[in-house]
Amino acid sequence: MKGVILARCPSCRLVDLTHEVPPQGIVQAAFLLEAAWPFFGAGSIHLAVVDPGVGTARRRLALAAGGQYFVGPDNGLLSAALPPAARGARRTGEGYSPRPVPVPPGVECVEIEPDPGPRSATFEGRDVFAPAAARLACGASLADLGPPLQEVLALPAFRAPRAADSAIEGLIVHADRFGNLLTDIDPADLPPRPVFRLAGRDVSLAATYGEAAGLAAIVSSNGRIEIALPNGSAAALTGLGPGDVVRVEG
Amino acid sequence: MKGVILARCPSCRLVDLTHEVPPQGIVQAAFLLEAAWPFFGAGSIHLAVVDPGVGTARRRLALAAGGQYFVGPDNGLLSAALPPAARGARRTGEGYSPRPVPVPPGVECVEIEPDPGPRSATFEGRDVFAPAAARLACGASLADLGPPLQEVLALPAFRAPRAADSAIEGLIVHADRFGNLLTDIDPADLPPRPVFRLAGRDVSLAATYGEAAGLAAIVSSNGRIEIALPNGSAAALTGLGPGDVVRVEG
Amino acid sequence: MKGVILARCPSCRLVDLTHEVPPQGIVQAAFLLEAAWPFFGAGSIHLAVVDPGVGTARRRLALAAGGQYFVGPDNGLLSAALPPAARGARRTGEGYSPRPVPVPPGVECVEIEPDPGPRSATFEGRDVFAPAAARLACGASLADLGPPLQEVLALPAFRAPRAADSAIEGLIVHADRFGNLLTDIDPADLPPRPVFRLAGRDVSLAATYGEAAGLAAIVSSNGRIEIALPNGSAAALTGLGPGDVVRVEG
C-alpha cells in the first residue's frame, strides 16, 4: 500500500497510526480511529482498511468530514468520521453492529469505482483503497472517485446504554498494549459516586494513574472510562478483554 | 539505521515495509520483498538486512533491477529483485537454499566497499548498508559504491515443483499476522479441480474469503496460493507454518 | 502524537525509533535511546515518553545536548542525552534508579510549561510533549518552552561496577527481538581472558556471530557486551532477561 501511494503521489507523507488493531477488528479500528483523527490537520487522509468482506459486494467508500478524508470499506469502520448523533447516539444492548444510516449534513460520501483491470481477490487495500487515497492526496476531489452516496453503514456511537435499573452497562471495546481496558462508558453518564463492577471486583474512580491504589477507573485520553492498573496490566489481572462487561452503579 | 540515513541524506523518505520477518528469516524476507517491491516507484531503494552472517566474509551487495535499487547482504535475500528465470525457475525438493547464479542481463550489481574506519561486529545494517543506501538516495551511482560483480547468491524462484506422480509439492513459506498460510504454489500449475492436502485435510479453491466456507485455498495478492480461514487463523486451526508441505492433486 | 505534531508543524519528518520498549520500561528506553541518538543528525528532536508518572507532579523536560533535542518526562529517561560522567560514571549495586544531578556544562534544560486549557490525565505524550516537540521542530527555542532548570533526574551511566573480588557484576538491561541479552558490561573493563557466568553456564568472548559456537559474549553495536546465540535466542535458551546478572571473571 505504501509503495502504491508513493509511486502515484510522491509528495505524500505517510503515517502509521497504530499496529494494535487485531485481525477483523472493525469495531476496535473504528474506536481507535475516532480517538485519533481529530488531532490531525485539515486535509489529512485516513486510509483505514479492516476488510473481512474483501472480494464480496460490499461497497468502497471515500468520505469527507471535519475537514479531513476517510477511505475504506463500507462495513462500519468509517463511522468513526461521523458525528455520534448520526450513528445512533448510544448503542442498544446488542452491541456494535453496523446498520445503514443517512449520510448526515456536513459529510460528503462517494462510492469508489475501482480502476478497470485486474485486481487481487484478497487485498483491495493495495489495489483499490491505496490508489483512491493517492488520488485524493494529489489533488483529486471526492467526486473524481465515484458517485455520491446517501447512505452508509455505521456503528452506533461509542456510548454505553442504561439498564432498566439505571445502572450503566459498559462494554470493553479495546485492550491497549499496556493492558488498559478501554470502555464505552461516558463520564458524563456517571452517578456522583460510581462503583465499577467487573470480574467480581468493585473499582473506584481515580483522577490519575499516580493517584490510583491498584485497579482503578480513569477518564482516558479519548474521553471515556478506562480500567487501569498503574505499573501493571488490568487485562492480565482481571482476565477481561474486548466484549466483556463493566457495570456501573452508584 | 534511520538516523544514519537521514543524517547523510536529509531529503530521503523512509518507509517501514514490514515488521513480520522473523529473526534469520532470509527466505521469508525475500518472499515478502518480492511481493512488495514492484509496487514502488522508479528509483526506490530497498534496504533489506536479514543478516545472520554479519561479521563473516559474506559479501555486501547493491543491485539495480527493474528501475529500483536493492541493498543488503549476499545471502539470497536480494534474489527478490532478480527475474525468476535467473534464479532457477523452480525449486527442487531441497527447498530454498541460496546458490551462485550469474547476474542476469538488465541487472547491475556491485560489491559494497565499506567506508574505512571502525564498525561494529553485529550491525552492518547501521554501519555499512544504511550509509550505502543513503549515498544512492542522495545521487551516488552503483559504481560509486564498489566494483561490479558477475555472480550473486540467489534463492530458487518461489514456484513449487511437481512430484513423480505429477502432484504439486507446495511449501508454506510464510504465515502472516492474520494466520494466512502463504505457499509457493503457482495457480498456473493447478489441475482443473485441485485438491489441497494439508494437516490431514482436503481443501478446495475459493475465489474470495467471502465465498469460502471454512478453510480454503485462495489466490493471494502476491499471485500464489494461500491457505486461509475467513474470520479466523488457518495457522492456528491447522498447526502448520513455514516449512510445512501442501500437496495438490486433482 | 503524530497527528498533533504534523498539524502544528507540517514540514516535520517523523521517525519511529523502536517498538521494543515494554510498558513502564524507563531504563530500557534510556538504554535504547542512548544507543540510537548519536547516529541522528544535528537538530533532530527525540520525543521519548515512557511516563508512568503522568498526571502527577513530575516535571516535563526539554533538553539540548550534542546538537540535538530531547523532550520527555523528568524520570531518568532523558539521561540518555547526558554525558556518562554527569550521571554518575558507573552504577552501584543498587541498579538503575534515577537521582537528581546538576545539568552539566554544554547541556541546556528547561521545564516545559504546558499550554493552558484542558488536557487528559493519562496521555501527556499527546497533550504536552508532542506540542512542545512540534514547537521546537518549527523553530522555537528551548527558552520558548519554559524556564531553565539546573537539576534533572538521571540514571547512572550504563557501566557495570566491580565486586569486592574485582569480578564485574554486569546486569542484563534489555533483551532484543532476536533474543540477544544486552548488558551494561563495558569491554574496556574486561580482564584478558574473561569468563561470563550466567544461568549456570560459562561463556566466552567471540568476535562475531559467525565465529561463535553456541552461546557467546560479543561486543554489541552499542559498544557494550551482549550475550548471543547465533541463529537462535539467548533469552529462550537461558531463561534470562532484564534485571538478571552476568558475572565476569578472568
# chains A, B, ... in the order shown; residues from 1 in each chain; ligands from 1
$ residues_around --residues "range 94-96 of chain A" --least-positions-apart "2" --cutoff "7 Å" --atoms "only C-alpha atoms" --output "count of residues only"
6
$ residues_around --residues "Leu205 in chain C" --least-positions-apart "2" --cutoff "8 Å" --atoms "only C-alpha atoms" --output "list in words"
Pro194, Val195, Val203, Ala207, Ala216, Ala217 and Ile218 of chain C
$ closest_residue --among "A:Val54, A:Ala85, A:Val128, A:Val15" --to "Glu211 in chain B" --atoms "only C-alpha atoms"
A:Val54
$ interface_residues --of "chain C" --to "chain A" --cutoff "6 Å" --atoms "only C-alpha atoms" --output "PyMOL selection string"
chain C and resi 3-4+7+23+53+55-56+120-123
$ closest_residue --among "B:Leu190, B:Leu6, B:Val152, B:Leu33" --to "Ala167 in chain B" --atoms "only C-alpha atoms"
B:Leu190
$ atom_distance --atom1 "CA of Pro22 in chain A" --atom2 "CA of Val173 in chain A"
11.9 Å
$ atom_distance --atom1 "CA of Thr238 in chain C" --atom2 "CA of Ile185 in chain C"
18.2 Å
$ select_by_dssp --residues "range 14-147 of chain B" --states "helix (DSSP H, G or I)" --output "short mmCIF file (atom, residue, chain, number, x, y, z; two decimals) with N, CA and C atoms, in the first residue's frame"
data_model
loop_
_atom_site.label_atom_id
_atom_site.label_comp_id
_atom_site.auth_asym_id
_atom_site.auth_seq_id
_atom_site.Cartn_x
_atom_site.Cartn_y
_atom_site.Cartn_z
N ILE B 26 15.67 -15.28 6.16
CA ILE B 26 16.11 -14.81 4.84
C ILE B 26 15.09 -15.16 3.77
N VAL B 27 14.60 -16.39 3.79
CA VAL B 27 13.66 -16.83 2.74
C VAL B 27 12.34 -16.06 2.84
N GLN B 28 11.85 -15.91 4.07
CA GLN B 28 10.61 -15.15 4.23
C GLN B 28 10.78 -13.70 3.81
N ALA B 29 11.92 -13.12 4.15
CA ALA B 29 12.16 -11.73 3.76
C ALA B 29 12.19 -11.59 2.25
N ALA B 30 12.83 -12.53 1.56
CA ALA B 30 12.88 -12.47 0.10
C ALA B 30 11.48 -12.61 -0.49
N PHE B 31 10.69 -13.48 0.11
CA PHE B 31 9.31 -13.72 -0.34
C PHE B 31 8.47 -12.46 -0.20
N LEU B 32 8.59 -11.79 0.94
CA LEU B 32 7.81 -10.57 1.18
C LEU B 32 8.31 -9.42 0.32
N LEU B 33 9.63 -9.33 0.17
CA LEU B 33 10.20 -8.25 -0.65
C LEU B 33 9.78 -8.42 -2.11
N GLU B 34 9.81 -9.66 -2.59
CA GLU B 34 9.39 -9.91 -3.97
C GLU B 34 7.94 -9.49 -4.21
N ALA B 35 7.10 -9.67 -3.18
CA ALA B 35 5.68 -9.31 -3.32
C ALA B 35 5.48 -7.80 -3.31
N ALA B 36 6.38 -7.07 -2.68
CA ALA B 36 6.14 -5.65 -2.45
C ALA B 36 6.84 -4.73 -3.44
N TRP B 37 8.07 -5.03 -3.79
CA TRP B 37 8.86 -4.00 -4.47
C TRP B 37 8.30 -3.57 -5.82
N PRO B 38 7.66 -4.46 -6.60
CA PRO B 38 7.17 -3.97 -7.89
C PRO B 38 6.13 -2.85 -7.78
N PHE B 39 5.54 -2.67 -6.58
CA PHE B 39 4.53 -1.63 -6.42
C PHE B 39 5.14 -0.28 -6.07
N LEU B 77 18.78 -13.09 -0.03
CA LEU B 77 17.67 -12.16 0.22
C LEU B 77 17.37 -11.28 -0.99
N LEU B 78 18.43 -10.76 -1.61
CA LEU B 78 18.20 -9.83 -2.72
C LEU B 78 17.81 -10.53 -4.01
N SER B 79 17.73 -11.86 -3.99
CA SER B 79 17.24 -12.52 -5.20
C SER B 79 15.79 -12.13 -5.47
N ALA B 80 15.11 -11.55 -4.50
CA ALA B 80 13.77 -11.00 -4.75
C ALA B 80 13.76 -10.03 -5.92
N ALA B 81 14.91 -9.43 -6.19
CA ALA B 81 14.99 -8.44 -7.27
C ALA B 81 15.27 -9.07 -8.62
N PRO B 84 12.65 -14.54 -12.13
CA PRO B 84 12.62 -15.95 -11.73
C PRO B 84 13.54 -16.82 -12.58
N ALA B 85 13.57 -16.58 -13.88
CA ALA B 85 14.38 -17.44 -14.75
C ALA B 85 15.86 -17.39 -14.36
N ALA B 86 16.30 -16.26 -13.87
CA ALA B 86 17.71 -16.12 -13.50
C ALA B 86 18.04 -16.85 -12.20
N ARG B 87 17.01 -17.23 -11.46
CA ARG B 87 17.22 -17.81 -10.13
C ARG B 87 17.10 -19.33 -10.14
N GLU B 124 25.88 -4.39 10.66
CA GLU B 124 26.27 -3.70 9.43
C GLU B 124 25.08 -3.02 8.77
N GLY B 125 23.87 -3.37 9.17
CA GLY B 125 22.70 -2.60 8.73
C GLY B 125 22.91 -1.13 8.99
N ARG B 126 23.40 -0.83 10.18
CA ARG B 126 23.67 0.56 10.55
C ARG B 126 24.99 1.07 9.98
N ASP B 127 26.01 0.22 9.99
CA ASP B 127 27.37 0.70 9.75
C ASP B 127 27.82 0.61 8.29
N VAL B 128 27.17 -0.23 7.49
CA VAL B 128 27.58 -0.38 6.09
C VAL B 128 26.39 -0.19 5.13
N PHE B 129 25.30 -0.92 5.38
CA PHE B 129 24.21 -0.90 4.40
C PHE B 129 23.44 0.42 4.40
N ALA B 130 23.15 0.97 5.59
CA ALA B 130 22.44 2.25 5.63
C ALA B 130 23.27 3.37 4.99
N PRO B 131 24.57 3.48 5.28
CA PRO B 131 25.35 4.50 4.58
C PRO B 131 25.33 4.31 3.06
N ALA B 132 25.39 3.06 2.59
CA ALA B 132 25.36 2.83 1.14
C ALA B 132 24.02 3.26 0.56
N ALA B 133 22.93 2.92 1.24
CA ALA B 133 21.60 3.32 0.76
C ALA B 133 21.47 4.84 0.75
N ALA B 134 22.02 5.49 1.78
CA ALA B 134 21.96 6.95 1.84
C ALA B 134 22.72 7.57 0.68
N ARG B 135 23.85 6.97 0.31
CA ARG B 135 24.60 7.52 -0.82
C ARG B 135 23.79 7.39 -2.11
N LEU B 136 23.16 6.24 -2.32
CA LEU B 136 22.30 6.10 -3.50
C LEU B 136 21.15 7.11 -3.47
N ALA B 137 20.56 7.28 -2.29
CA ALA B 137 19.41 8.19 -2.18
C ALA B 137 19.80 9.62 -2.52
N LEU B 142 25.62 3.22 -8.59
CA LEU B 142 26.09 1.92 -8.09
C LEU B 142 27.61 1.84 -8.13
N ALA B 143 28.18 2.32 -9.24
CA ALA B 143 29.63 2.19 -9.41
C ALA B 143 30.40 2.96 -8.33
N ASP B 144 29.75 3.97 -7.74
CA ASP B 144 30.41 4.71 -6.65
C ASP B 144 30.55 3.86 -5.38
N LEU B 145 29.78 2.80 -5.28
CA LEU B 145 29.76 2.02 -4.03
C LEU B 145 30.80 0.90 -4.01
#
$ select_by_dssp --residues "range 15-250 of chain A" --states "strand (DSSP E)" --output "NGL selection string"
:A and (45-47 or 60-65 or 68-73 or 99-102 or 108-111 or 151-154 or 168-175 or 181-183 or 195-198 or 201-203 or 216-219 or 225-228 or 245-249)
$ residues_around --residues "Leu149 in chain A" --least-positions-apart "6" --cutoff "9 Å" --atoms "only C-alpha atoms" --output "ChimeraX atom specification"
/A:61,102-103,108-111
$ atom_distance --atom1 "CA of Pro242 in chain B" --atom2 "CA of Ala175 in chain C"
24.7 Å
$ residues_around --residues "Asp51 in chain C" --least-positions-apart "5" --cutoff "8 Å" --atoms "only C-alpha atoms" --output "list in words"
Gln24, Ile26, Pro73 and Asn75 of chain C
$ closest_residue --among "B:Ala140, B:Ala199, B:Leu153, B:Arg59" --to "Ile112 in chain B" --atoms "only C-alpha atoms"
B:Arg59
$ residues_around --residues "Pro192 in chain B" --least-positions-apart "3" --cutoff "10 Å" --atoms "only C-alpha atoms" --output "list of chain:residue names"
B:Asp189, B:Val195, B:Glu249, B:Gly250
$ write_last_selection --atoms "all heavy atoms" --output "JSON list (two decimals), in the first residue's frame"
[["chain", "number", "residue", "atom", "x", "y", "z"],
["B", 189, "ASP", "N", -0.04, -23.64, -12.34],
["B", 189, "ASP", "CA", 0.31, -25.07, -12.31],
["B", 189, "ASP", "C", -0.85, -25.96, -11.90],
["B", 189, "ASP", "O", -0.72, -27.19, -11.92],
["B", 189, "ASP", "CB", 1.48, -25.29, -11.32],
["B", 189, "ASP", "CG", 2.78, -24.65, -11.79],
["B", 189, "ASP", "OD1", 2.93, -24.44, -13.01],
["B", 189, "ASP", "OD2", 3.63, -24.36, -10.93],
["B", 195, "VAL", "N", -7.24, -30.35, -5.41],
["B", 195, "VAL", "CA", -7.49, -30.64, -4.00],
["B", 195, "VAL", "C", -6.18, -30.40, -3.25],
["B", 195, "VAL", "O", -5.15, -30.97, -3.60],
["B", 195, "VAL", "CB", -7.94, -32.10, -3.80],
["B", 195, "VAL", "CG1", -8.16, -32.38, -2.31],
["B", 195, "VAL", "CG2", -9.20, -32.37, -4.59],
["B", 249, "GLU", "N", -3.37, -32.29, -5.54],
["B", 249, "GLU", "CA", -3.74, -33.31, -6.53],
["B", 249, "GLU", "C", -4.99, -32.83, -7.26],
["B", 249, "GLU", "O", -5.60, -31.84, -6.88],
["B", 249, "GLU", "CB", -3.99, -34.65, -5.82],
["B", 249, "GLU", "CG", -2.73, -35.14, -5.10],
["B", 249, "GLU", "CD", -2.99, -36.33, -4.19],
["B", 249, "GLU", "OE1", -4.07, -36.94, -4.29],
["B", 249, "GLU", "OE2", -2.10, -36.63, -3.36],
["B", 250, "GLY", "N", -5.37, -33.60, -8.30],
["B", 250, "GLY", "CA", -6.58, -33.12, -8.98],
["B", 250, "GLY", "C", -6.83, -33.93, -10.24],
["B", 250, "GLY", "O", -6.04, -34.79, -10.60]]
$ closest_residue --among "A:Leu47, A:Ala89, A:Leu198, A:Met1" --to "Ala154 in chain A" --atoms "only C-alpha atoms"
A:Ala89
$ closest_residue --among "A:Pro118, A:Pro105, A:Pro52, A:Gly170" --to "Ile225 in chain A" --atoms "only C-alpha atoms"
A:Gly170
